[in-house]
There are 2 protein chains.
Amino acid sequence: MDELPGSLGTSASLSLRLGQTIFSSASLLFMSLGVEFYSYTAFCYLVTVMGLVIPWSFTLALVDGYSVLVKCPVRQPGILLIIVIGDWVLSILSLAAACATASVINLLLDVDDSYCPPKFCTRYQLSAAMAFLSWFLSASSSLFNLWLLPSL
Amino acid sequence: MDELPGSLGTSASLSLRLGQTIFSSASLLFMSLGVEFYSYTAFCYLVTVMGLVIPWSFTLALVDGYSVLVKCPVRQPGILLIIVIGDWVLSILSLAAACATASVINLLLDVDDSYCPPKFCTRYQLSAAMAFLSWFLSASSSLFNLWLLPSL
């Protein structure tokens, strides 16, 4: 079977998973450390979603790392289907959270400075940007694995 | 070749396309008729995206209708790839617009009644709901066609 770069068990997939873990952790940290994120629904939603993405990506990074080391990628259609669906759902949730956060920040900047002091707003914006990057990597993983699925 | 329901040129695909056209038109109308939508970036973005989705879905609905009538579905991989990518991009944009609109409405309801009179807010909410439905149908179309692609 030809090896598709980015599908489960390759080193490209390992980099994608590590990227997801790093960006989603950064998004969570920028949003939650020392900032009163729970005052807006969209920010709470972002924190919840990132809290789901981090363990998922980290676990799959471990699986990929193990597969790369023993040179024996997982090729059961059932497992791959679960991973594709999981990635799919999480990437949709990440995109939704990132967009919701970005539009709320935009609105807060418009309405009044008192809602969003410059120091906090920059951190919110960084958090939204990290969430977008995490979404992009999740969607790529999902697409690569989906592409592999019919050939199994 | 077995016919996958929902892929290009089937009657299921025709219904999906008609649903997309109807929901995106409804979203555009609820948002734009008699409401000052241009005061918020997220609402302008929703109107722009829906203005892209309507002609795309309507054209593909015509193609599907023609294919169903002459019983000769399009099966060129190149055309199918363009349609999958177009659906994909538009579904991501629709989801982003719907989430941004929904979070802005939510924030406006929280902050102050004067920003969002009840009559207008209901229309904004309906518009966001229609955009979510339109996203769901676009994503389904994209997935069905993507599933067909490797077998061509």
# chains A, B, ... in the order shown; residues from 1 in each chain; ligands from 1

$ interface_residues --of "chain A" --to "chain B" --cutoff "7 Å" --atoms "only C-alpha atoms" --output "PyMOL selection string"
chain A and resi 42+95-96+99-100+103-104

$ residues_around --residues "range 81-88 of chain B" --least-positions-apart "6" --cutoff "9 Å" --atoms "only C-alpha atoms" --output "ChimeraX atom specification"
/B:8,53,56-57,60,138-139,141-146,149

$ write_last_selection --atoms "N, CA and C atoms" --output "mmCIF file, in the first residue's frame"
data_model
loop_
_atom_site.group_PDB
_atom_site.id
_atom_site.type_symbol
_atom_site.label_atom_id
_atom_site.label_comp_id
_atom_site.auth_asym_id
_atom_site.auth_seq_id
_atom_site.Cartn_x
_atom_site.Cartn_y
_atom_site.Cartn_z
ATOM 1 N N LEU B 8 -22.983 14.225 -7.248
ATOM 2 C CA LEU B 8 -23.400 15.082 -8.361
ATOM 3 C C LEU B 8 -24.247 14.319 -9.393
ATOM 4 N N VAL B 53 -23.094 32.049 -1.933
ATOM 5 C CA VAL B 53 -23.642 30.685 -1.886
ATOM 6 C C VAL B 53 -24.835 30.551 -2.825
ATOM 7 N N TRP B 56 -23.940 29.935 -6.595
ATOM 8 C CA TRP B 56 -23.239 28.642 -6.697
ATOM 9 C C TRP B 56 -24.224 27.480 -6.578
ATOM 10 N N SER B 57 -25.067 27.498 -5.528
ATOM 11 C CA SER B 57 -26.001 26.394 -5.315
ATOM 12 C C SER B 57 -27.043 26.344 -6.425
ATOM 13 N N LEU B 60 -25.568 24.775 -9.582
ATOM 14 C CA LEU B 60 -25.400 23.330 -9.452
ATOM 15 C C LEU B 60 -26.743 22.622 -9.376
ATOM 16 N N SER B 138 -24.403 22.308 2.587
ATOM 17 C CA SER B 138 -23.189 22.446 1.765
ATOM 18 C C SER B 138 -22.145 21.417 2.164
ATOM 19 N N ALA B 139 -21.963 21.258 3.474
ATOM 20 C CA ALA B 139 -20.961 20.307 3.939
ATOM 21 C C ALA B 139 -21.347 18.889 3.520
ATOM 22 N N SER B 141 -23.106 17.983 0.833
ATOM 23 C CA SER B 141 -22.822 17.860 -0.607
ATOM 24 C C SER B 141 -21.345 17.620 -0.833
ATOM 25 N N SER B 142 -20.525 18.423 -0.135
ATOM 26 C CA SER B 142 -19.086 18.321 -0.324
ATOM 27 C C SER B 142 -18.588 16.927 0.059
ATOM 28 N N LEU B 143 -19.097 16.400 1.184
ATOM 29 C CA LEU B 143 -18.644 15.085 1.642
ATOM 30 C C LEU B 143 -19.056 13.982 0.681
ATOM 31 N N PHE B 144 -20.305 14.025 0.201
ATOM 32 C CA PHE B 144 -20.767 12.986 -0.722
ATOM 33 C C PHE B 144 -19.915 12.968 -1.986
ATOM 34 N N ASN B 145 -19.618 14.176 -2.525
ATOM 35 C CA ASN B 145 -18.820 14.225 -3.744
ATOM 36 C C ASN B 145 -17.369 13.821 -3.495
ATOM 37 N N LEU B 146 -16.853 14.194 -2.319
ATOM 38 C CA LEU B 146 -15.477 13.812 -1.987
ATOM 39 C C LEU B 146 -15.357 12.304 -1.868
ATOM 40 N N LEU B 149 -15.032 10.774 -5.245
ATOM 41 C CA LEU B 149 -13.868 11.182 -6.052
ATOM 42 C C LEU B 149 -12.801 10.106 -6.214
#

$ atom_distance --atom1 "CA of Ala129 in chain A" --atom2 "CA of Val111 in chain A"
21.2 Å

$ atom_distance --atom1 "CA of Thr59 in chain A" --atom2 "CA of Leu126 in chain A"
25.1 Å

$ residues_around --residues "range 67-73 of chain B" --least-positions-apart "6" --cutoff "8 Å" --atoms "only C-alpha atoms" --output "number ranges by chain"
B: 8-11

$ residues_around --residues "Leu137 in chain A" --least-positions-apart "5" --cutoff "9 Å" --atoms "only C-alpha atoms" --output "list in words"
Leu16, Arg17, Gly19, Gln20, Ser91, Phe132 and Ser142 of chain A

$ decode --residues "range 118-138 of chain A" --atoms "N, CA, C and O atoms" --output "compact mmCIF listing (two decimals), in the first residue's frame"
# COMPACT_ATOMS: atom_id res chain seq x y z
N PRO A 118 -6.82 47.55 26.07
CA PRO A 118 -5.90 47.14 25.01
C PRO A 118 -5.05 45.92 25.37
O PRO A 118 -4.86 45.04 24.54
N LYS A 119 -4.59 45.85 26.62
CA LYS A 119 -3.70 44.75 26.99
C LYS A 119 -4.43 43.40 26.88
O LYS A 119 -3.89 42.42 26.38
N PHE A 120 -5.70 43.37 27.34
CA PHE A 120 -6.47 42.13 27.28
C PHE A 120 -6.85 41.81 25.85
O PHE A 120 -6.84 40.65 25.44
N CYS A 121 -7.22 42.86 25.09
CA CYS A 121 -7.73 42.62 23.75
C CYS A 121 -6.68 41.95 22.87
O CYS A 121 -7.00 41.08 22.07
N THR A 122 -5.42 42.35 23.03
CA THR A 122 -4.35 41.73 22.25
C THR A 122 -4.28 40.24 22.58
O THR A 122 -4.10 39.41 21.68
N ARG A 123 -4.42 39.91 23.86
CA ARG A 123 -4.36 38.50 24.23
C ARG A 123 -5.55 37.73 23.65
O ARG A 123 -5.39 36.59 23.21
N TYR A 124 -6.74 38.35 23.69
CA TYR A 124 -7.90 37.69 23.08
C TYR A 124 -7.66 37.44 21.60
O TYR A 124 -7.96 36.37 21.07
N GLN A 125 -7.09 38.46 20.92
CA GLN A 125 -6.86 38.32 19.49
C GLN A 125 -5.85 37.21 19.20
O GLN A 125 -6.04 36.39 18.29
N LEU A 126 -4.78 37.16 20.00
CA LEU A 126 -3.79 36.08 19.83
C LEU A 126 -4.45 34.73 20.03
O LEU A 126 -4.19 33.77 19.29
N SER A 127 -5.33 34.66 21.04
CA SER A 127 -6.00 33.40 21.32
C SER A 127 -6.85 32.96 20.13
O SER A 127 -6.83 31.78 19.73
N ALA A 128 -7.59 33.91 19.53
CA ALA A 128 -8.42 33.58 18.37
C ALA A 128 -7.55 33.14 17.20
O ALA A 128 -7.88 32.17 16.50
N ALA A 129 -6.40 33.81 17.00
CA ALA A 129 -5.51 33.44 15.90
C ALA A 129 -4.98 32.03 16.08
O ALA A 129 -4.94 31.23 15.13
N MET A 130 -4.59 31.68 17.31
CA MET A 130 -4.10 30.33 17.60
C MET A 130 -5.20 29.30 17.34
O MET A 130 -4.95 28.20 16.85
N ALA A 131 -6.44 29.66 17.70
CA ALA A 131 -7.55 28.73 17.48
C ALA A 131 -7.75 28.49 15.98
O ALA A 131 -8.04 27.37 15.55
N PHE A 132 -7.58 29.55 15.16
CA PHE A 132 -7.71 29.37 13.71
C PHE A 132 -6.62 28.43 13.18
O PHE A 132 -6.90 27.55 12.36
N LEU A 133 -5.38 28.60 13.67
CA LEU A 133 -4.29 27.72 13.22
C LEU A 133 -4.58 26.28 13.62
O LEU A 133 -4.37 25.35 12.83
N SER A 134 -5.08 26.11 14.85
CA SER A 134 -5.40 24.76 15.32
C SER A 134 -6.50 24.14 14.46
O SER A 134 -6.43 22.95 14.10
N TRP A 135 -7.50 24.94 14.09
CA TRP A 135 -8.56 24.45 13.20
C TRP A 135 -7.98 23.99 11.88
O TRP A 135 -8.32 22.92 11.37
N PHE A 136 -7.08 24.80 11.31
CA PHE A 136 -6.52 24.50 10.00
C PHE A 136 -5.79 23.16 10.02
O PHE A 136 -5.97 22.32 9.12
N LEU A 137 -5.00 22.91 11.06
CA LEU A 137 -4.26 21.65 11.16
C LEU A 137 -5.21 20.47 11.38
O LEU A 137 -5.02 19.40 10.80
N SER A 138 -6.26 20.66 12.22
CA SER A 138 -7.23 19.57 12.43
C SER A 138 -7.91 19.21 11.13
O SER A 138 -8.08 18.03 10.80
